[in-house]
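Visitor: Provided herewith: target_3.tsv, TSV, C-alpha atoms.
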```tsv
chain	number	residue	atom	x	y	z
V	625	MET	CA	29.52	20.09	0.48
V	626	THR	CA	28.43	19.75	-3.10
V	627	THR	CA	25.84	22.28	-4.10
V	628	MET	CA	23.17	22.17	-6.76
V	629	THR	CA	25.03	24.66	-8.89
V	630	LYS	CA	27.98	22.31	-9.33
V	631	GLU	CA	26.17	19.23	-10.58
V	632	ARG	CA	22.96	18.74	-12.45
V	633	THR	CA	22.13	15.37	-10.88
V	634	ILE	CA	21.82	14.96	-7.15
V	635	ASN	CA	20.56	11.83	-5.38
V	636	GLY	CA	19.90	10.39	-8.83
V	637	LEU	CA	17.43	13.15	-9.65
V	638	ASP	CA	17.85	15.61	-12.51
V	639	THR	CA	17.60	18.93	-10.67
V	640	THR	CA	17.21	20.86	-13.92
V	641	GLN	CA	14.11	18.79	-14.72
V	642	LEU	CA	12.95	19.12	-11.10
V	643	VAL	CA	13.16	22.92	-11.21
V	644	ALA	CA	11.48	22.98	-14.64
V	645	THR	CA	8.66	20.77	-13.33
V	646	VAL	CA	8.08	22.96	-10.29
V	647	ASP	CA	8.10	26.10	-12.46
V	648	ALA	CA	5.62	24.57	-14.92
V	649	ILE	CA	3.26	23.61	-12.08
V	650	LYS	CA	3.52	27.07	-10.53
V	651	ALA	CA	2.45	28.53	-13.88
V	652	THR	CA	-0.22	25.88	-14.56
V	653	PRO	CA	-1.37	24.20	-11.31
V	654	ALA	CA	-3.56	21.70	-13.24
V	655	LEU	CA	-0.36	19.97	-14.38
V	656	ALA	CA	-0.04	18.66	-10.80
V	657	ARG	CA	-3.27	16.67	-11.05
V	658	PHE	CA	-2.53	12.95	-11.35
V	659	GLN	CA	-4.81	9.93	-11.47
V	660	PHE	CA	-3.27	6.54	-10.69
V	661	ARG	CA	-5.02	3.26	-11.51
V	662	ASN	CA	-5.00	-0.44	-10.84
V	663	ARG	CA	-6.92	-3.46	-12.09
V	664	ASN	CA	-7.23	-6.48	-9.83
V	665	ARG	CA	-8.57	-9.99	-10.42
V	666	TRP	CA	-9.36	-12.58	-7.78
V	667	VAL	CA	-7.74	-15.96	-8.42
V	668	ASP	CA	-8.67	-18.19	-5.46
V	669	GLY	CA	-8.70	-17.96	-1.67
V	670	GLY	CA	-6.37	-15.18	-0.56
V	671	GLU	CA	-4.69	-14.90	-3.98
V	672	ASN	CA	-5.43	-12.03	-6.35
V	673	HIS	CA	-3.44	-10.27	-9.07
V	674	SER	CA	-3.01	-6.59	-9.88
V	675	THR	CA	-2.07	-5.01	-13.20
V	676	ILE	CA	-0.69	-1.46	-13.19
V	677	ARG	CA	0.38	0.51	-16.22
V	678	ASP	CA	-1.46	3.65	-17.37
V	679	PHE	CA	-2.01	6.84	-15.43
V	680	TYR	CA	-2.93	10.43	-16.10
V	681	GLY	CA	-0.64	13.26	-15.09
V	682	ALA	CA	1.07	16.47	-16.20
V	683	GLY	CA	-1.89	17.16	-18.47
V	684	ARG	CA	-1.89	13.92	-20.46
V	685	GLU	CA	-2.20	10.15	-20.43
V	686	ASP	CA	1.22	8.65	-19.75
V	687	ASP	CA	2.58	6.28	-22.40
V	688	SER	CA	6.07	5.70	-21.03
V	689	ARG	CA	5.58	2.13	-19.85
V	690	ARG	CA	6.16	-0.54	-22.46
V	691	ALA	CA	4.73	-3.28	-20.26
V	692	SER	CA	2.42	-3.58	-17.28
V	693	PHE	CA	3.59	-4.17	-13.74
V	694	GLU	CA	2.01	-7.32	-12.29
V	695	PHE	CA	1.75	-8.04	-8.56
V	696	VAL	CA	0.42	-10.99	-6.59
V	697	ASN	CA	-1.31	-10.74	-3.23
V	698	GLY	CA	-1.30	-13.91	-1.17
V	699	GLU	CA	-1.57	-15.06	2.42
V	700	PRO	CA	0.60	-17.28	4.63
V	701	PRO	CA	-0.73	-20.66	5.82
V	702	VAL	CA	-1.67	-19.27	9.25
V	703	LEU	CA	-4.05	-16.97	7.35
V	704	LEU	CA	-5.42	-19.79	5.19
V	705	GLY	CA	-3.13	-19.22	2.19
V	706	ASN	CA	-0.04	-20.71	0.55
V	707	ASN	CA	2.33	-17.71	0.49
V	708	GLU	CA	1.35	-16.98	-3.10
V	709	GLY	CA	2.71	-13.47	-2.53
V	710	ALA	CA	3.15	-10.94	0.25
V	711	ASN	CA	-0.19	-10.04	1.77
V	712	PRO	CA	-2.01	-6.73	1.31
V	713	VAL	CA	-1.08	-5.24	4.68
V	714	GLU	CA	2.57	-6.02	3.91
V	715	PHE	CA	2.27	-4.29	0.52
V	716	LEU	CA	0.95	-1.26	2.39
V	717	LEU	CA	4.22	-1.16	4.36
V	718	HIS	CA	6.18	-1.39	1.09
V	719	ALA	CA	4.19	1.52	-0.37
V	720	LEU	CA	4.71	3.60	2.77
V	721	ALA	CA	8.45	2.92	2.98
V	722	GLY	CA	8.88	3.79	-0.69
V	723	CYS	CA	6.91	7.00	-0.52
V	724	VAL	CA	8.61	8.36	2.59
V	725	THR	CA	12.01	7.48	1.10
V	726	THR	CA	11.30	9.07	-2.28
V	727	THR	CA	9.76	12.18	-0.74
V	728	PHE	CA	12.82	12.55	1.48
V	729	VAL	CA	15.22	12.09	-1.44
V	730	LEU	CA	13.30	14.58	-3.59
V	731	HIS	CA	13.29	17.37	-1.03
V	732	ALA	CA	16.91	16.66	-0.11
V	733	ALA	CA	17.81	17.18	-3.78
V	734	ALA	CA	15.82	20.42	-3.87
V	735	ARG	CA	17.85	21.64	-0.86
V	736	GLY	CA	21.17	20.47	-2.27
V	737	ILE	CA	21.59	17.76	0.36
V	738	ARG	CA	23.47	14.73	-0.99
V	739	ILE	CA	22.27	11.41	0.45
V	740	GLU	CA	24.63	8.49	0.83
V	741	SER	CA	22.24	5.83	2.08
V	742	ILE	CA	18.79	5.23	3.54
V	743	SER	CA	17.79	1.97	5.19
V	744	THR	CA	14.41	1.59	6.82
V	745	GLN	CA	12.97	-1.02	9.13
V	746	MET	CA	9.27	-0.94	9.78
V	747	GLU	CA	6.64	-2.82	11.68
V	748	GLY	CA	2.89	-2.49	12.04
V	749	ASP	CA	0.52	-3.96	14.61
V	750	ILE	CA	-2.88	-5.39	13.73
V	751	ASP	CA	-5.45	-7.21	15.85
V	752	LEU	CA	-7.18	-9.54	13.41
V	753	ARG	CA	-10.32	-9.71	15.54
V	754	GLY	CA	-11.22	-6.55	13.59
V	755	LEU	CA	-10.90	-8.28	10.20
V	756	LEU	CA	-12.81	-11.29	11.47
V	757	GLY	CA	-15.63	-9.18	12.90
V	758	LEU	CA	-15.26	-10.77	16.34
V	759	ASP	CA	-15.25	-7.52	18.32
V	760	ASP	CA	-16.65	-4.25	17.01
V	761	SER	CA	-14.47	-2.30	19.45
V	762	VAL	CA	-11.30	-3.57	17.73
V	763	PHE	CA	-9.99	-1.29	14.96
V	764	PRO	CA	-9.59	-3.40	11.79
V	765	GLY	CA	-6.63	-1.44	10.34
V	766	TYR	CA	-3.10	-1.01	11.60
V	767	GLU	CA	-3.11	0.28	15.17
V	768	GLU	CA	0.27	1.89	14.60
V	769	ILE	CA	3.08	1.73	12.04
V	770	ARG	CA	6.65	2.45	13.12
V	771	MET	CA	9.48	3.32	10.75
V	772	LYS	CA	13.10	3.40	11.86
V	773	MET	CA	15.22	5.13	9.25
V	774	ASP	CA	19.02	5.03	9.10
V	775	ILE	CA	20.05	7.98	6.90
V	776	GLU	CA	23.53	9.10	5.91
V	777	ALA	CA	23.92	12.45	4.17
V	778	ASP	CA	26.26	15.42	3.90
V	779	CYS	CA	24.35	17.65	6.31
V	780	SER	CA	23.84	18.05	10.05
V	781	SER	CA	21.61	15.86	12.20
V	782	GLU	CA	19.39	18.88	12.76
V	783	GLU	CA	18.89	19.33	9.02
V	784	LEU	CA	18.06	15.61	8.66
V	785	ASP	CA	15.52	15.78	11.47
V	786	GLU	CA	13.89	18.87	9.99
V	787	LEU	CA	13.80	17.30	6.52
V	788	LEU	CA	12.31	14.10	7.90
V	789	ALA	CA	9.53	16.03	9.67
V	790	TYR	CA	8.88	17.95	6.43
V	791	THR	CA	8.80	14.62	4.54
V	792	GLN	CA	6.14	13.17	6.86
V	793	LYS	CA	3.92	16.15	6.19
V	794	HIS	CA	4.27	15.89	2.40
V	795	SER	CA	4.53	12.17	1.54
V	796	PRO	CA	1.38	11.10	-0.36
V	797	VAL	CA	1.25	7.55	1.05
V	798	CYS	CA	2.14	8.66	4.58
V	799	ASN	CA	-0.70	11.18	4.49
V	800	SER	CA	-3.07	8.63	2.92
V	801	VAL	CA	-2.41	6.46	5.99
V	802	CYS	CA	-2.08	8.90	8.88
V	803	ARG	CA	-5.01	11.01	7.70
V	804	PRO	CA	-8.42	9.80	6.46
V	805	VAL	CA	-8.92	9.29	2.71
V	806	PRO	CA	-12.36	8.53	1.27
V	807	VAL	CA	-12.55	5.07	-0.31
V	808	VAL	CA	-15.65	4.70	-2.48
V	809	VAL	CA	-16.53	1.10	-3.30
V	810	GLU	CA	-19.18	0.46	-5.94
V	811	ARG	CA	-20.49	-2.82	-7.33
V	812	VAL	CA	-20.78	-2.46	-11.10
V	813	ALA	CA	-22.32	-5.72	-12.32
V	814	ARG	CA	-25.30	-7.74	-11.24
V	815	ARG	CA	-25.10	-11.42	-10.56
V	816	ARG	CA	-25.12	-13.66	-13.59
V	817	GLY	CA	-28.52	-14.14	-15.17
V	818	GLU	CA	-30.10	-10.96	-13.90
K	99	MET	CA	-26.73	-23.40	-3.64
K	100	THR	CA	-23.87	-25.27	-2.11
K	101	THR	CA	-23.63	-24.95	1.62
K	102	MET	CA	-20.68	-25.17	3.94
K	103	THR	CA	-21.81	-28.49	5.27
K	104	LYS	CA	-21.41	-30.16	1.88
K	105	GLU	CA	-17.85	-29.13	1.07
K	106	ARG	CA	-14.91	-28.33	3.25
K	107	THR	CA	-13.36	-25.81	0.83
K	108	ILE	CA	-15.26	-22.76	-0.38
K	109	ASN	CA	-13.74	-19.91	-2.42
K	110	GLY	CA	-10.40	-21.66	-2.05
K	111	LEU	CA	-10.53	-21.37	1.74
K	112	ASP	CA	-10.51	-24.32	4.12
K	113	THR	CA	-13.64	-23.63	6.16
K	114	THR	CA	-12.71	-26.21	8.77
K	115	GLN	CA	-9.47	-24.33	9.39
K	116	LEU	CA	-11.38	-21.03	9.29
K	117	VAL	CA	-13.82	-22.15	11.97
K	118	ALA	CA	-10.98	-23.59	14.06
K	119	THR	CA	-9.06	-20.30	13.79
K	120	VAL	CA	-12.06	-18.26	14.86
K	121	ASP	CA	-12.75	-20.60	17.78
K	122	ALA	CA	-9.11	-20.44	18.90
K	123	ILE	CA	-9.15	-16.62	18.83
K	124	LYS	CA	-12.42	-16.48	20.73
K	125	ALA	CA	-10.81	-18.62	23.45
K	126	THR	CA	-7.47	-16.76	23.37
K	127	PRO	CA	-7.84	-13.25	21.88
K	128	ALA	CA	-4.06	-12.64	21.97
K	129	LEU	CA	-3.73	-15.09	19.06
K	130	ALA	CA	-5.24	-12.37	16.85
K	131	ARG	CA	-2.32	-10.02	17.46
K	132	PHE	CA	-0.10	-9.79	14.36
K	133	GLN	CA	2.95	-7.70	13.61
K	134	PHE	CA	3.93	-7.30	9.95
K	135	ARG	CA	7.34	-5.97	8.88
K	136	ASN	CA	9.27	-4.61	5.95
K	137	ARG	CA	12.85	-3.58	5.29
K	138	ASN	CA	13.52	-0.99	2.60
K	139	ARG	CA	16.76	0.28	1.06
K	140	TRP	CA	17.14	3.34	-1.13
K	141	VAL	CA	18.95	2.66	-4.42
K	142	ASP	CA	18.97	5.95	-6.36
K	143	GLY	CA	16.51	8.69	-7.29
K	144	GLY	CA	12.97	7.32	-7.00
K	145	GLU	CA	14.12	3.69	-6.83
K	146	ASN	CA	14.10	1.73	-3.58
K	147	HIS	CA	13.72	-1.94	-2.72
K	148	SER	CA	11.67	-3.70	-0.05
K	149	THR	CA	12.28	-7.11	1.52
K	150	ILE	CA	9.37	-8.82	3.25
K	151	ARG	CA	9.48	-12.20	4.95
K	152	ASP	CA	9.04	-12.63	8.70
K	153	PHE	CA	6.07	-11.63	10.79
K	154	TYR	CA	4.59	-12.41	14.17
K	155	GLY	CA	1.10	-13.82	14.52
K	156	ALA	CA	-1.04	-16.48	16.16
K	157	GLY	CA	1.28	-16.43	19.16
K	158	ARG	CA	4.58	-17.09	17.40
K	159	GLU	CA	7.12	-15.97	14.81
K	160	ASP	CA	6.07	-17.28	11.42
K	161	ASP	CA	8.56	-19.53	9.62
K	162	SER	CA	6.49	-20.61	6.64
K	163	ARG	CA	8.29	-18.56	3.99
K	164	ARG	CA	11.30	-20.22	2.46
K	165	ALA	CA	12.37	-17.02	0.68
K	166	SER	CA	11.80	-13.29	0.99
K	167	PHE	CA	9.47	-11.31	-1.21
K	168	GLU	CA	11.31	-8.48	-2.97
K	169	PHE	CA	9.59	-5.41	-4.44
K	170	VAL	CA	10.88	-2.41	-6.35
K	171	ASN	CA	9.44	1.08	-6.10
K	172	GLY	CA	10.20	3.36	-9.03
K	173	GLU	CA	8.86	6.44	-10.76
K	174	PRO	CA	7.91	7.19	-14.38
K	175	PRO	CA	9.97	9.74	-16.38
K	176	VAL	CA	7.39	12.49	-15.80
K	177	LEU	CA	8.17	12.06	-12.08
K	178	LEU	CA	11.96	12.04	-12.67
K	179	GLY	CA	12.37	8.25	-12.77
K	180	ASN	CA	12.91	5.43	-15.27
K	181	ASN	CA	9.93	3.18	-14.52
K	182	GLU	CA	12.13	0.99	-12.32
K	183	GLY	CA	8.90	-0.30	-10.77
K	184	ALA	CA	5.38	0.84	-10.02
K	185	ASN	CA	5.43	3.86	-7.75
K	186	PRO	CA	4.43	3.88	-4.07
K	187	VAL	CA	0.97	5.38	-4.56
K	188	GLU	CA	0.25	2.67	-7.14
K	189	PHE	CA	1.39	-0.02	-4.69
K	190	LEU	CA	-1.10	1.46	-2.23
K	191	LEU	CA	-3.89	0.78	-4.75
K	192	HIS	CA	-2.63	-2.80	-5.14
K	193	ALA	CA	-2.67	-3.30	-1.37
K	194	LEU	CA	-6.17	-1.84	-1.10
K	195	ALA	CA	-7.60	-3.92	-3.95
K	196	GLY	CA	-6.11	-7.07	-2.50
K	197	CYS	CA	-7.34	-6.47	1.02
K	198	VAL	CA	-10.91	-5.61	0.03
K	199	THR	CA	-11.01	-8.67	-2.25
K	200	THR	CA	-9.60	-11.07	0.34
K	201	THR	CA	-11.83	-9.71	3.12
K	202	PHE	CA	-14.85	-10.15	0.85
K	203	VAL	CA	-13.86	-13.70	-0.11
K	204	LEU	CA	-13.24	-14.63	3.53
K	205	HIS	CA	-16.59	-13.43	4.82
K	206	ALA	CA	-18.38	-14.90	1.81
K	207	ALA	CA	-16.89	-18.28	2.71
K	208	ALA	CA	-17.97	-17.86	6.33
K	209	ARG	CA	-21.52	-17.25	5.10
K	210	GLY	CA	-21.48	-20.12	2.63
K	211	ILE	CA	-21.55	-17.81	-0.42
K	212	ARG	CA	-19.67	-19.27	-3.36
K	213	ILE	CA	-17.85	-16.64	-5.48
K	214	GLU	CA	-17.32	-17.17	-9.18
K	215	SER	CA	-15.30	-14.09	-10.03
K	216	ILE	CA	-14.21	-10.68	-8.77
K	217	SER	CA	-12.69	-8.05	-11.05
K	218	THR	CA	-11.88	-4.59	-9.72
K	219	GLN	CA	-10.96	-1.35	-11.42
K	220	MET	CA	-9.69	1.47	-9.29
K	221	GLU	CA	-8.45	4.99	-9.61
K	222	GLY	CA	-7.16	7.57	-7.17
K	223	ASP	CA	-6.70	11.31	-7.54
K	224	ILE	CA	-3.68	13.20	-6.23
K	225	ASP	CA	-2.63	16.81	-6.60
K	226	LEU	CA	1.16	16.72	-6.52
K	227	ARG	CA	1.41	20.31	-5.33
K	228	GLY	CA	1.00	18.68	-1.92
K	229	LEU	CA	4.04	16.42	-2.35
K	230	LEU	CA	6.09	19.30	-3.76
K	231	GLY	CA	5.15	21.63	-0.90
K	232	LEU	CA	3.89	24.29	-3.31
K	233	ASP	CA	0.59	24.95	-1.54
K	234	ASP	CA	-0.07	24.08	2.10
K	235	SER	CA	-3.82	24.01	1.47
K	236	VAL	CA	-3.42	21.03	-0.91
K	237	PHE	CA	-3.76	17.63	0.78
K	238	PRO	CA	-0.64	15.57	-0.08
K	239	GLY	CA	-2.37	12.18	-0.04
K	240	TYR	CA	-5.06	10.71	-2.28
K	241	GLU	CA	-8.08	13.01	-2.38
K	242	GLU	CA	-10.32	10.04	-3.11
K	243	ILE	CA	-9.93	6.42	-4.19
K	244	ARG	CA	-12.70	4.75	-6.19
K	245	MET	CA	-13.13	1.01	-6.59
K	246	LYS	CA	-15.53	-0.53	-9.09
K	247	MET	CA	-16.02	-4.19	-8.36
K	248	ASP	CA	-17.61	-6.71	-10.70
K	249	ILE	CA	-18.62	-9.69	-8.54
K	250	GLU	CA	-20.33	-12.92	-9.57
K	251	ALA	CA	-21.58	-15.23	-6.85
K	252	ASP	CA	-24.39	-17.65	-6.02
K	253	CYS	CA	-26.43	-15.22	-3.94
K	254	SER	CA	-28.74	-12.26	-4.41
K	255	SER	CA	-27.64	-8.74	-5.30
K	256	GLU	CA	-28.87	-7.64	-1.90
K	257	GLU	CA	-26.63	-10.16	-0.16
K	258	LEU	CA	-23.65	-8.99	-2.26
K	259	ASP	CA	-24.31	-5.34	-1.40
K	260	GLU	CA	-24.62	-6.14	2.29
K	261	LEU	CA	-21.44	-8.24	2.23
K	262	LEU	CA	-19.56	-5.49	0.39
K	263	ALA	CA	-20.59	-2.91	2.98
K	264	TYR	CA	-19.51	-5.32	5.75
K	265	THR	CA	-16.19	-5.84	3.93
K	266	GLN	CA	-15.46	-2.10	3.82
K	267	LYS	CA	-15.92	-1.89	7.56
K	268	HIS	CA	-13.59	-4.81	8.28
K	269	SER	CA	-10.82	-4.71	5.65
K	270	PRO	CA	-7.50	-3.83	7.37
K	271	VAL	CA	-6.03	-1.86	4.44
K	272	CYS	CA	-9.33	-0.11	3.66
K	273	ASN	CA	-9.57	1.04	7.27
K	274	SER	CA	-5.88	2.01	7.33
K	275	VAL	CA	-6.68	4.36	4.43
K	276	CYS	CA	-10.17	5.69	5.15
K	277	ARG	CA	-9.44	6.18	8.84
K	278	PRO	CA	-6.33	7.75	10.43
K	279	VAL	CA	-3.48	5.44	11.46
K	280	PRO	CA	-0.50	6.76	13.47
K	281	VAL	CA	2.76	6.56	11.52
K	282	VAL	CA	5.76	7.04	13.80
K	283	VAL	CA	8.98	7.87	11.95
K	284	GLU	CA	12.22	7.80	13.88
K	285	ARG	CA	15.80	8.38	12.73
K	286	VAL	CA	18.01	5.72	14.29
K	287	ALA	CA	21.53	6.60	13.20
K	288	ARG	CA	23.55	9.76	13.24
K	289	ARG	CA	25.39	11.00	10.24
K	290	ARG	CA	28.68	9.33	9.51
K	291	GLY	CA	31.55	10.48	11.71
K	292	GLU	CA	29.46	11.72	14.62
```
Re-express the file's structure as structure tokens.
Guide:
Amino acid sequence: MTTMTKERTINGLDTTQLVATVDAIKATPALARFQFRNRNRWVDGGENHSTIRDFYGAGREDDSRRASFEFVNGEPPVLLGNNEGANPVEFLLHALAGCVTTTFVLHAAARGIRIESISTQMEGDIDLRGLLGLDDSVFPGYEEIRMKMDIEADCSSEELDELLAYTQKHSPVCNSVCRPVPVVVERVARRRGE
Amino acid sequence: MTTMTKERTINGLDTTQLVATVDAIKATPALARFQFRNRNRWVDGGENHSTIRDFYGAGREDDSRRASFEFVNGEPPVLLGNNEGANPVEFLLHALAGCVTTTFVLHAAARGIRIESISTQMEGDIDLRGLLGLDDSVFPGYEEIRMKMDIEADCSSEELDELLAYTQKHSPVCNSVCRPVPVVVERVARRRGE
């Protein structure tokens, strides 16, 4: 089994930078404070566009991105759209898969576990009577999200299971879904002419 | 003010189809049951790719998408990546913006409110000591997400405020974030050679 002392990069992560980052945060906890941002513009019907670029973190405004990331939300015809893009609840699954995967890979690297592959299949159940306001007893969000992860790595099954449980407890998106996060919505402009 | 009886399409949504959908669900509630899916594959470091296409809803497997949607999660250099894509917590903001916007547009159409524009700015705060496991008292998810929405429409400010409050209560992604949703993670394959 390859150990961290033999190679600087493990699972594509620079462990020297990882250790330096953790040490810097231990010395100055405020460096761990990040603020992520998004701008979104409605186009028509179920289509809207997001623009993501800047964020604050590690004590400064980030300037590493030379261009913005642009994403399109859409809806399928059965939900009154034209498949302009994946829909928002599908993007939530993408965010969740990515965060659990990256959190797993990060903590594997910190433990010296070398990952060969991770493939995840996920599904989430929603009853759209909640969205439509047809029954107040129906929860409007996902009732449950299931992730099935196929992971190959140079450690025992027990270590993988323990690391996966640790990952669930520490993944930012997983915890933003499985635990309540305040969402504050504010209207900032009055209607035209006021 | 234009009313629903004068035009079939409002806010880009076919209100005839909307009313027919609602009537069908009222008659057969099982039509409102949807299952959305995603497949994700780890590439390296903080990079992983999602593939989204099929879903179940309205009583059948959807076949409207002629190609898959593909999305790339990445991380910026300060988080040990190369900006391969937006990162998962940013995709969560995109999903949330899109869902609140679409839910608002949908219920505006149902009420005969014509929307001219919606622009949203959002930010979310995270303390990455949670992700890194450096302090168990730090919540790993977003501490708070704020959305500032600039909405222009042919109704009063009071109607917009009421509709926005209604939207928050019925948006699937908003409720998947501000209320707890079970996330079940299961490992489906043993390590190679077992």
Visitor: Can you work out which one of V:Glu782, V:Asp751, V:Glu699, V:Asp686 has the shortest atom-to-atom distance to Glu671 in chain V, counting all atoms listed in the file?
Guide: V:Glu699
Visitor: K:Ser269, K:Asp112, K:Ser255, K:Cys276: which is nearest Glu241 in chain K, counting only C-alpha atoms?
Guide: K:Cys276
Visitor: Could you tell me how far CA of Ile750 in chain V sits from CA of Arg665 in chain V, in Å to one decimal place?
Guide: 25.2 Å
Visitor: If we count only C-alpha atoms and set the cut-off at 9 Å, which residues sit around range 243-246 of chain K, ignoring sequence neighbours fewer than 3 positions away in its own chain? Please answer as a count of residues only.
Guide: 18
Visitor: In file coordinates, which residues lie within 10 Å of (20.0, 16.5, -3.4) using all atoms listed in the file, given as a list in words?
Guide: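 Every polymer residue passing the test: Thr626, Thr627, Met628, Glu631, Arg632, Thr633, Ile634, Asn635, Gly636, Leu637, Asp638, Thr639, Phe728, Val729, Leu730, His731, Ala732, Ala733, Ala734, Arg735, Gly736, Ile737, Arg738, Ile739, Ala777 and Asp778 of chain V; Gly143 of chain K.
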Visitor: Counting all atoms listed in the file, figure out which residue out of K:Ala130, K:Cys197, K:Leu232, K:Leu226 gets nearest to Ser274 in chain K.
Guide: K:Cys197
Visitor: In terms of the shortest atom-to-atom distance over only C-alpha atoms, which of V:Leu655, V:Ala719, V:Ala691, V:Val696 is closest to chain K?
Guide: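 Checking each candidate against chain K, we get V:Ala719 as the closest.
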Visitor: Of the candidates K:Thr149, K:Thr265, K:Asn180, K:Asn185, which one gets nearest to Gly757 in chain V if we count all atoms listed in the file?
Guide: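 Among K:Thr149, K:Thr265, K:Asn180, K:Asn185, it is K:Thr265 that comes nearest to Gly757 in chain V.
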Visitor: Which value, in Å to one decimal, gives the distance between CA of Ala128 in chain K and CA of Gly157 in chain K?
Guide: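 Computing the Euclidean distance for CA of Ala128 in chain K and CA of Gly157 in chain K yields 7.1 Å.
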Visitor: So, with all atoms listed in the file as the atoms that count, which of V:Tyr790, V:Phe695, V:Phe763, V:Phe715 lies closest to Asn138 in chain K?
Guide: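 Ranking V:Tyr790, V:Phe695, V:Phe763, V:Phe715 by distance to Asn138 in chain K, first place goes to V:Phe715.
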Visitor: To one decimal place, how far is CA of Pro796 in chain V from CA of Ser166 in chain K in Å?
Guide: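 That distance, rounded to one decimal, is 26.6 Å.
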